[in-house]
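Chemist: This is upload_27.pdb (PDB, C-alpha atoms and all ligand atoms).
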```
ATOM      1  CA  MET A  26      13.263 258.239  73.852
ATOM      2  CA  LEU A  27      15.397 257.284  76.852
ATOM      3  CA  ARG A  28      15.153 259.495  79.942
ATOM      4  CA  TRP A  29      18.902 260.266  79.938
ATOM      5  CA  LEU A  30      18.656 261.516  76.360
ATOM      6  CA  GLN A  31      15.859 263.931  77.294
ATOM      7  CA  SER A  32      17.788 265.248  80.288
ATOM      8  CA  ALA A  33      20.967 265.528  78.212
ATOM      9  CA  LYS A  34      19.038 267.593  75.647
ATOM     10  CA  ARG A  35      17.715 269.871  78.406
ATOM     11  CA  GLU A  36      21.263 270.407  79.713
ATOM     12  CA  GLN A  37      22.481 271.170  76.180
ATOM     13  CA  GLN A  38      19.707 273.763  75.749
ATOM     14  CA  ALA A  39      20.684 275.360  79.097
ATOM     15  CA  ALA A  40      24.328 275.411  77.996
ATOM     16  CA  ALA A  41      23.324 277.056  74.701
ATOM     17  CA  ALA A  42      21.489 279.758  76.642
ATOM     18  CA  ASP A  43      24.527 280.258  78.918
ATOM     19  CA  PRO A  44      27.682 279.303  76.984
ATOM     20  CA  GLU A  45      29.910 280.100  80.008
ATOM     21  CA  SER A  46      28.426 277.063  81.763
ATOM     22  CA  LEU A  47      30.094 274.840  79.147
ATOM     23  CA  HIS A  48      33.486 275.755  80.536
ATOM     24  CA  LYS A  49      32.743 274.836  84.124
ATOM     25  CA  ASP A  50      32.112 271.500  85.825
ATOM     26  CA  SER A  51      28.641 270.882  87.207
ATOM     27  CA  ALA A  52      30.219 270.984  90.692
ATOM     28  CA  GLN A  53      31.000 274.688  89.953
ATOM     29  CA  THR A  54      34.760 274.139  90.191
ATOM     30  CA  ASP A  55      37.177 275.887  87.833
ATOM     31  CA  ALA A  56      38.077 272.569  86.140
ATOM     32  CA  PRO A  57      37.226 272.638  82.412
ATOM     33  CA  VAL A  58      34.319 270.434  81.374
ATOM     34  CA  ARG A  59      35.386 267.395  79.383
ATOM     35  CA  LEU A  60      34.036 267.101  75.882
ATOM     36  CA  LEU A  61      34.626 263.370  75.850
ATOM     37  CA  SER A  62      35.819 260.759  78.307
ATOM     38  CA  VAL A  63      36.776 257.163  77.587
ATOM     39  CA  SER A  64      37.187 254.867  80.578
ATOM     40  CA  GLY A  65      38.111 251.199  80.790
ATOM     41  CA  VAL A  66      37.256 250.681  77.114
ATOM     42  CA  GLU A  67      37.877 247.285  75.553
ATOM     43  CA  ARG A  68      37.032 246.167  72.020
ATOM     44  CA  SER A  69      37.597 242.743  70.499
ATOM     45  CA  PHE A  70      36.521 241.222  67.177
ATOM     46  CA  PRO A  71      35.568 237.639  66.348
ATOM     47  CA  VAL A  72      38.325 236.161  64.154
ATOM     48  CA  GLY A  73      38.563 232.475  63.259
ATOM     49  CA  GLY A  74      36.111 231.395  65.972
ATOM     50  CA  GLN A  75      37.984 233.355  68.685
ATOM     51  CA  GLN A  76      37.849 236.878  70.063
ATOM     52  CA  LEU A  77      40.805 239.034  68.955
ATOM     53  CA  PRO A  78      41.413 241.731  71.613
ATOM     54  CA  VAL A  79      42.224 245.033  69.873
ATOM     55  CA  LEU A  80      41.656 247.689  72.583
ATOM     56  CA  LYS A  81      42.672 246.510  76.048
ATOM     57  CA  GLY A  82      41.598 249.156  78.553
ATOM     58  CA  ILE A  83      41.685 252.703  77.182
ATOM     59  CA  GLU A  84      41.485 255.840  79.335
ATOM     60  CA  MET A  85      41.421 259.229  77.646
ATOM     61  CA  SER A  86      39.839 262.671  77.841
ATOM     62  CA  LEU A  87      39.217 265.408  75.296
ATOM     63  CA  TYR A  88      38.584 269.007  76.338
ATOM     64  CA  PRO A  89      37.109 271.925  74.359
ATOM     65  CA  ASN A  90      39.371 273.658  71.807
ATOM     66  CA  GLN A  91      42.162 271.053  71.807
ATOM     67  CA  LEU A  92      44.236 269.398  69.095
ATOM     68  CA  VAL A  93      44.846 265.827  70.264
ATOM     69  CA  MET A  94      46.820 263.206  68.360
ATOM     70  CA  LEU A  95      46.800 259.423  68.530
ATOM     71  CA  LYS A  96      50.065 257.930  67.360
ATOM     72  CA  GLY A  97      51.097 254.318  67.028
ATOM     73  CA  ARG A  98      52.166 251.669  64.575
ATOM     74  CA  SER A  99      49.869 250.234  61.956
ATOM     75  CA  GLY A 100      47.499 247.774  63.621
ATOM     76  CA  SER A 101      47.900 249.215  67.139
ATOM     77  CA  GLY A 102      44.175 250.109  67.326
ATOM     78  CA  LYS A 103      43.982 253.850  66.513
ATOM     79  CA  THR A 104      41.180 253.626  63.930
ATOM     80  CA  THR A 105      39.235 251.208  66.124
ATOM     81  CA  LEU A 106      39.351 253.809  68.932
ATOM     82  CA  LEU A 107      38.429 256.675  66.582
ATOM     83  CA  ASN A 108      35.383 254.677  65.426
ATOM     84  CA  LEU A 109      34.268 254.245  69.059
ATOM     85  CA  ILE A 110      34.767 257.939  69.877
ATOM     86  CA  GLY A 111      32.758 258.861  66.763
ATOM     87  CA  GLY A 112      29.914 256.545  67.742
ATOM     88  CA  LEU A 113      30.387 254.401  64.622
ATOM     89  CA  ASP A 114      31.021 251.339  66.803
ATOM     90  CA  GLN A 115      30.487 250.333  70.446
ATOM     91  CA  PRO A 116      32.881 248.923  73.064
ATOM     92  CA  ASN A 117      32.568 245.406  74.525
ATOM     93  CA  LYS A 118      33.409 246.885  77.918
ATOM     94  CA  GLY A 119      33.873 250.339  79.446
ATOM     95  CA  GLU A 120      32.246 253.745  79.066
ATOM     96  CA  ILE A 121      32.345 256.538  76.493
ATOM     97  CA  MET A 122      30.721 259.826  77.493
ATOM     98  CA  PHE A 123      30.431 262.450  74.738
ATOM     99  CA  LYS A 124      29.190 265.668  76.330
ATOM    100  CA  HIS A 125      26.281 264.299  78.396
ATOM    101  CA  TYR A 126      25.603 261.368  76.090
ATOM    102  CA  PRO A 127      26.637 257.859  77.239
ATOM    103  CA  PHE A 128      27.623 256.407  73.844
ATOM    104  CA  HIS A 129      28.097 252.926  75.329
ATOM    105  CA  LEU A 130      24.361 252.860  76.191
ATOM    106  CA  CYS A 131      22.993 254.553  73.060
ATOM    107  CA  SER A 132      21.249 252.747  70.226
ATOM    108  CA  ASP A 133      22.624 252.993  66.682
ATOM    109  CA  ASP A 134      19.931 255.558  65.791
ATOM    110  CA  GLU A 135      20.690 257.727  68.822
ATOM    111  CA  ARG A 136      24.428 257.706  68.085
ATOM    112  CA  THR A 137      23.757 258.543  64.434
ATOM    113  CA  SER A 138      21.598 261.511  65.371
ATOM    114  CA  ILE A 139      24.172 262.850  67.888
ATOM    115  CA  ARG A 140      27.005 262.292  65.381
ATOM    116  CA  ARG A 141      25.210 264.179  62.583
ATOM    117  CA  LYS A 142      24.725 267.236  64.767
ATOM    118  CA  GLU A 143      27.880 267.285  66.837
ATOM    119  CA  MET A 144      30.708 265.663  64.884
ATOM    120  CA  GLY A 145      32.642 266.040  61.673
ATOM    121  CA  PHE A 146      34.865 263.449  59.971
ATOM    122  CA  ILE A 147      37.955 263.808  57.803
ATOM    123  CA  PHE A 148      39.613 260.898  56.027
ATOM    124  CA  GLN A 149      42.994 260.252  54.446
ATOM    125  CA  SER A 150      41.427 260.095  50.985
ATOM    126  CA  PHE A 151      39.518 263.451  51.176
ATOM    127  CA  ALA A 152      36.103 261.851  50.410
ATOM    128  CA  LEU A 153      34.778 264.627  48.139
ATOM    129  CA  MET A 154      32.091 264.279  45.477
ATOM    130  CA  PRO A 155      34.216 264.351  42.292
ATOM    131  CA  LEU A 156      31.710 266.103  39.998
ATOM    132  CA  LEU A 157      30.773 268.843  42.462
ATOM    133  CA  SER A 158      32.749 272.066  42.984
ATOM    134  CA  ALA A 159      34.308 272.955  46.339
ATOM    135  CA  TRP A 160      31.295 275.221  46.952
ATOM    136  CA  GLU A 161      28.780 272.479  46.069
ATOM    137  CA  ASN A 162      30.597 269.926  48.238
ATOM    138  CA  VAL A 163      30.319 272.177  51.313
ATOM    139  CA  GLU A 164      26.710 273.099  50.495
ATOM    140  CA  LEU A 165      25.863 269.393  50.255
ATOM    141  CA  ALA A 166      27.153 268.891  53.808
ATOM    142  CA  LEU A 167      24.819 271.663  55.035
ATOM    143  CA  ARG A 168      21.887 270.120  53.179
ATOM    144  CA  MET A 169      22.628 266.694  54.715
ATOM    145  CA  ALA A 170      22.814 268.229  58.200
ATOM    146  CA  ASP A 171      19.363 269.870  57.777
ATOM    147  CA  VAL A 172      20.779 273.384  58.089
ATOM    148  CA  PRO A 173      18.151 275.883  56.828
ATOM    149  CA  ARG A 174      18.690 276.800  53.141
ATOM    150  CA  SER A 175      18.785 280.517  54.025
ATOM    151  CA  GLU A 176      22.109 279.933  55.862
ATOM    152  CA  TRP A 177      23.876 277.943  53.127
ATOM    153  CA  LYS A 178      25.397 280.778  51.128
ATOM    154  CA  ALA A 179      27.015 282.685  53.994
ATOM    155  CA  ARG A 180      28.163 279.560  55.814
ATOM    156  CA  THR A 181      29.661 277.943  52.685
ATOM    157  CA  ALA A 182      31.592 281.109  51.822
ATOM    158  CA  HIS A 183      32.761 281.471  55.438
ATOM    159  CA  CYS A 184      34.036 277.873  55.689
ATOM    160  CA  LEU A 185      35.894 278.029  52.362
ATOM    161  CA  GLU A 186      37.485 281.367  53.344
ATOM    162  CA  LEU A 187      38.533 279.847  56.692
ATOM    163  CA  VAL A 188      40.499 277.088  54.979
ATOM    164  CA  GLY A 189      42.126 279.562  52.568
ATOM    165  CA  LEU A 190      40.138 278.616  49.453
ATOM    166  CA  GLY A 191      38.287 281.893  48.898
ATOM    167  CA  LYS A 192      39.734 282.076  45.386
ATOM    168  CA  ARG A 193      39.082 278.459  44.459
ATOM    169  CA  MET A 194      35.471 278.030  45.564
ATOM    170  CA  HIS A 195      34.211 276.972  42.152
ATOM    171  CA  HIS A 196      36.977 274.507  41.282
ATOM    172  CA  ARG A 197      36.154 270.823  41.163
ATOM    173  CA  PRO A 198      38.347 268.337  43.092
ATOM    174  CA  PHE A 199      40.415 267.325  40.031
ATOM    175  CA  GLU A 200      41.284 271.004  39.507
ATOM    176  CA  LEU A 201      42.743 271.262  43.028
ATOM    177  CA  SER A 202      45.975 270.005  44.620
ATOM    178  CA  GLY A 203      45.855 267.254  47.260
ATOM    179  CA  GLY A 204      46.317 269.811  50.041
ATOM    180  CA  GLU A 205      43.531 271.996  48.626
ATOM    181  CA  GLN A 206      41.208 268.985  48.341
ATOM    182  CA  GLN A 207      41.878 268.123  51.968
ATOM    183  CA  ARG A 208      41.083 271.739  52.910
ATOM    184  CA  VAL A 209      37.737 271.449  51.075
ATOM    185  CA  ALA A 210      37.135 268.283  53.111
ATOM    186  CA  ILE A 211      37.849 270.279  56.291
ATOM    187  CA  ALA A 212      35.430 273.046  55.208
ATOM    188  CA  LYS A 213      32.819 270.344  54.558
ATOM    189  CA  ALA A 214      33.421 268.705  57.946
ATOM    190  CA  ILE A 215      33.038 271.941  59.954
ATOM    191  CA  ALA A 216      30.146 273.406  57.937
ATOM    192  CA  HIS A 217      27.414 272.268  60.379
ATOM    193  CA  ARG A 218      29.399 273.611  63.393
ATOM    194  CA  PRO A 219      30.391 270.320  65.102
ATOM    195  CA  SER A 220      32.062 270.429  68.511
ATOM    196  CA  LEU A 221      34.348 267.476  67.695
ATOM    197  CA  LEU A 222      36.276 266.785  64.500
ATOM    198  CA  LEU A 223      37.734 263.299  64.023
ATOM    199  CA  ALA A 224      40.451 262.851  61.413
ATOM    200  CA  ASP A 225      42.019 259.524  60.433
ATOM    201  CA  GLU A 226      45.515 260.129  58.956
ATOM    202  CA  PRO A 227      44.454 263.453  57.372
ATOM    203  CA  THR A 228      47.980 264.245  56.141
ATOM    204  CA  ALA A 229      49.104 260.769  55.064
ATOM    205  CA  GLU A 230      48.632 261.412  51.329
ATOM    206  CA  LEU A 231      50.178 264.904  51.377
ATOM    207  CA  ASP A 232      53.766 266.097  51.069
ATOM    208  CA  SER A 233      55.254 267.818  54.104
ATOM    209  CA  GLN A 234      54.414 271.365  52.939
ATOM    210  CA  MET A 235      50.768 270.550  52.226
ATOM    211  CA  GLY A 236      50.575 268.567  55.475
ATOM    212  CA  ALA A 237      51.836 271.626  57.356
ATOM    213  CA  GLN A 238      49.158 273.786  55.672
ATOM    214  CA  VAL A 239      46.455 271.368  56.827
ATOM    215  CA  MET A 240      47.833 271.477  60.383
ATOM    216  CA  ALA A 241      47.861 275.309  60.263
ATOM    217  CA  VAL A 242      44.190 275.237  59.210
ATOM    218  CA  PHE A 243      43.436 272.845  62.100
ATOM    219  CA  ARG A 244      45.099 275.198  64.604
ATOM    220  CA  SER A 245      43.172 278.168  63.265
ATOM    221  CA  ILE A 246      39.697 276.546  63.207
ATOM    222  CA  ILE A 247      40.126 275.335  66.797
ATOM    223  CA  GLN A 248      39.986 279.012  67.792
ATOM    224  CA  THR A 249      37.563 280.416  65.220
ATOM    225  CA  GLU A 250      35.065 277.541  65.231
ATOM    226  CA  GLN A 251      35.489 276.437  68.874
ATOM    227  CA  VAL A 252      36.084 272.834  67.875
ATOM    228  CA  THR A 253      38.221 270.014  69.311
ATOM    229  CA  ILE A 254      40.185 267.915  66.843
ATOM    230  CA  CYS A 255      41.282 264.343  67.502
ATOM    231  CA  MET A 256      43.441 262.856  64.730
ATOM    232  CA  THR A 257      45.613 259.827  64.090
ATOM    233  CA  THR A 258      49.052 260.145  62.540
ATOM    234  CA  HIS A 259      52.308 258.303  61.981
ATOM    235  CA  ASP A 260      54.244 261.517  61.325
ATOM    236  CA  PRO A 261      56.399 262.718  64.271
ATOM    237  CA  THR A 262      56.727 266.262  62.828
ATOM    238  CA  MET A 263      52.930 266.727  63.035
ATOM    239  CA  MET A 264      52.973 266.007  66.748
ATOM    240  CA  GLU A 265      54.828 269.225  67.565
ATOM    241  CA  VAL A 266      51.638 271.236  67.035
ATOM    242  CA  ALA A 267      49.455 268.996  69.224
ATOM    243  CA  ASP A 268      48.145 270.024  72.630
ATOM    244  CA  HIS A 269      48.339 266.396  73.695
ATOM    245  CA  VAL A 270      49.671 263.145  72.195
ATOM    246  CA  TYR A 271      48.465 259.659  73.139
ATOM    247  CA  GLU A 272      50.808 256.858  72.078
ATOM    248  CA  MET A 273      49.213 253.489  71.449
ATOM    249  CA  VAL A 274      51.015 250.145  71.447
ATOM    250  CA  ASP A 275      49.077 246.946  70.937
ATOM    251  CA  GLY A 276      45.722 248.313  72.121
ATOM    252  CA  ARG A 277      47.025 250.260  75.143
ATOM    253  CA  PHE A 278      48.326 253.780  75.719
ATOM    254  CA  ILE A 279      51.916 253.506  76.871
ATOM    255  CA  HIS A 280      52.743 257.158  77.203
ATOM    256  CA  THR A 281      50.837 260.385  76.950
ATOM    257  CA  GLN A 282      52.484 263.744  76.632
ATOM    258  CA  THR A 283      51.864 267.409  76.221
ATOM    259  CA  PRO A 284      54.512 268.461  73.664
ATOM    260  CA  ALA A 285      55.158 271.880  75.180
ATOM    261  CA  GLN A 286      56.209 270.136  78.390
ATOM    262  CA  GLY A 287      58.365 267.587  76.535
TER     263      GLY A 287
HETATM  264  N1  LIG B   1      36.122 244.519  62.136
HETATM  265  C1  LIG B   1      37.281 243.903  62.426
HETATM  266  N2  LIG B   1      37.368 242.557  62.448
HETATM  267  C2  LIG B   1      38.514 241.943  62.781
HETATM  268  N3  LIG B   1      39.663 242.568  63.096
HETATM  269  C3  LIG B   1      39.651 243.914  63.083
HETATM  270  C4  LIG B   1      38.470 244.647  62.753
HETATM  271  N4  LIG B   1      38.762 245.977  62.822
HETATM  272  C5  LIG B   1      40.064 246.050  63.169
HETATM  273  N5  LIG B   1      40.595 244.824  63.330
HETATM  274  C6  LIG B   1      41.977 244.515  63.710
HETATM  275  O1  LIG B   1      42.325 245.337  64.785
HETATM  276  C7  LIG B   1      43.687 245.729  64.718
HETATM  277  C8  LIG B   1      43.798 247.235  64.838
HETATM  278  O2  LIG B   1      43.253 247.826  63.664
HETATM  279  P1  LIG B   1      43.172 249.413  63.494
HETATM  280  O3  LIG B   1      42.662 249.682  62.124
HETATM  281  O4  LIG B   1      42.429 250.011  64.633
HETATM  282  O5  LIG B   1      44.722 249.820  63.599
HETATM  283  P2  LIG B   1      45.418 251.219  63.276
HETATM  284  O6  LIG B   1      46.324 251.517  64.431
HETATM  285  O7  LIG B   1      44.400 252.255  62.944
HETATM  286  O8  LIG B   1      46.263 250.869  61.990
HETATM  287  P3  LIG B   1      46.642 251.806  60.712
HETATM  288  O9  LIG B   1      47.619 252.827  61.236
HETATM  289  O10 LIG B   1      47.260 250.840  59.755
HETATM  290  O11 LIG B   1      45.373 252.411  60.197
HETATM  291  C9  LIG B   1      44.228 245.165  63.422
HETATM  292  O12 LIG B   1      44.942 243.979  63.698
HETATM  293  C10 LIG B   1      42.975 244.882  62.626
HETATM  294  O13 LIG B   1      43.164 243.784  61.744
END
```
Spell out the structure here as structure tokens.

Modeler:
Amino acid sequence: MLRWLQSAKREQQAAAADPESLHKDSAQTDAPVRLLSVSGVERSFPVGGQQLPVLKGIEMSLYPNQLVMLKGRSGSGKTTLLNLIGGLDQPNKGEIMFKHYPFHLCSDDERTSIRRKEMGFIFQSFALMPLLSAWENVELALRMADVPRSEWKARTAHCLELVGLGKRMHHRPFELSGGEQQRVAIAKAIAHRPSLLLADEPTAELDSQMGAQVMAVFRSIIQTEQVTICMTTHDPTMMEVADHVYEMVDGRFIHTQTPAQG
């Protein structure tokens, strides 16, 4: 194992013993500690014998307990960036630090192990197992994350209650509305207590009322589960509930804003 990974693990254990330390910089300033930082990131893909530049120098930061949105036209590079943040892909240039882990230096196996413990993913198409009930879908996520069996029952019930499905725990996906299915997917994604939730167009297949319910669940789990959510969207009405919006055009951020400040 690389030396940085061992020291990162030691720092994580120290932070677990003293959770207050997570909210302060190592320099002991009052600045909040970043959960993730992306600096100078470029990503291109080989197309027709040439390199197609998709991300052209991205700078961004995510902090604990935030709802951050990436907006931009189709093809602007949002999913490519989400894949890099989630450790599913690596940049050609630049740095991605997730907590104390330098993703740009990690092997595939190291990124997979960090991702399994620390991150949750939500997709446009819900990605549930069709023959399993809501309860069994969430329990499966706990099993996959190696959470001890003794914790499954309480944690599954807690996560389904959190997303407002306490009365529909034993329904299968086809017995649920699109909004309810997406809420099962959220319960599944937070079951192993990730610190970062990545969601690619989570409301794209929902009508505006169901989309608003999903956003309300996002806002509530940020507080109750101490998670940061980074999501892509095309929908301007969703952006009103964001703490921060990054706007991407052709592989670059052109404008970032905090909605409350306009
Ligand atoms: N593996 C790949 N090989 C070649 N080109 C790719 C690859 N992945 C993405 N691209 C290209 O990169 C560009 C950005 O794609 P990306 O999926 O990141 O856009 P997006 O903003 O998420 O779009 P959408 O909103 O439609 O999901 C597109 O032109 C796409 O064709």

Chemist: Decode the PyMOL selection byres (((not hetatm)) within 7 of (chain B and resi 1)) for the given file into explicit residues and return them as a list in words.

Modeler: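 Applying the PyMOL selection byres (((not hetatm)) within 7 of (chain B and resi 1)) to the structure shown produces Phe70, Pro71, Val72, Leu77, Val79, Gly97, Arg98, Ser99, Gly100, Ser101, Gly102, Lys103, Thr104, Thr105 and Leu106 of chain A.
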
Chemist: Tell me, in Å to one decimal, how far CA of Gln207 in chain A is from CA of Ile139 in chain A.

Modeler: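 Between CA of Gln207 in chain A and CA of Ile139 in chain A the gap works out to 24.4 Å.
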
Chemist: I would like the residues chosen by the PyMOL selection byres (((chain A and resi 218) around 10) and not hetatm) on the shown file; could you give them as a PyMOL selection string?

Modeler: chain A and resi 142-145+167+170+180+184+214-217+219-222+250-252

Chemist: Apply the PyMOL selection byres (((chain A and resi 254) around 7) and not hetatm) to the structure shown and report the selected residues as a ChimeraX atom specification.

Modeler: /A:91-93,221-223,252-253,255-256

Chemist: Could you give me, as a ChimeraX atom specification, the residues that have an atom at most 7 Å away from the point (36.8, 270.4, 46.0) in the coordinates of the file, using only C-alpha atoms?

Modeler: /A:153,158-159,162,196-198,201,206,209

Chemist: Find, counting all atoms listed in the file, the residue in A:Ser233, A:Lys213, A:Val66, A:Gly203 that gets nearest to Thr262 in chain A.

Modeler: A:Ser233

Chemist: Using all atoms listed in the file for the distances, tell me which of A:Ala224, A:Leu187, A:Met169, A:Leu95 is nearest to Phe151 in chain A.

Modeler: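 Closest residue, counting all atoms listed in the file: A:Ala224.
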
Chemist: Between A:Ser138, A:Gln149, A:Thr258, A:Gln76, single out the one closest to Gly111 in chain A, counting all atoms listed in the file.

Modeler: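 Nearest to Gly111 in chain A: A:Ser138.
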
Chemist: Rank A:Glu176, A:Glu164, A:Glu120, A:Asp268 by their smallest atom-to-atom distance to Pro89 in chain A, using all atoms listed in the file, and report the top residue only.

Modeler: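 Nearest candidate to Pro89 in chain A out of A:Glu176, A:Glu164, A:Glu120, A:Asp268: A:Asp268.
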
Chemist: Point out the residue among A:Pro227, A:Pro261, A:Gly189, A:Gly65 with the least atom-to-atom distance to Ser245 in chain A, counting all atoms listed in the file.

Modeler: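 The answer is A:Gly189, which sits nearest to Ser245 in chain A.
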
Chemist: Can you tell me how far CA of Ala210 in chain A sits from CA of Val239 in chain A, in Å to one decimal?

Modeler: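 If I compute the distance from CA of Ala210 in chain A to CA of Val239 in chain A, I get 10.5 Å.
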
Chemist: Draw an axis-aligned box over all listed atoms of range 135-152 of chain A, pad each side with 3 Å, and write its centre and edge lengths in Å, one decimal, as AutoDock Vina command-line options.

Modeler:
```
--center_x 31.8 --center_y 262.5 --center_z 59.6 --size_x 28.3 --size_y 15.6 --size_z 24.4
```

Chemist: A:Leu113, A:Ile83, A:Leu61, A:Ile211: which is nearest Asp275 in chain A, counting all atoms listed in the file?

Modeler: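 Result for the nearest residue to Asp275 in chain A: A:Ile83.
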
Chemist: Would you mind reading off the distance between CA of Val270 in chain A and CA of Leu80 in chain A, one decimal, in Å?

Modeler: 17.4 Å

Chemist: What's the 12 Å shell around His269 in chain A, counting all atoms listed in the file, without same-chain residues fewer than 4 positions away, as number ranges by chain?

Modeler: A: 85-88, 90-96, 253-257, 263-265, 280-287
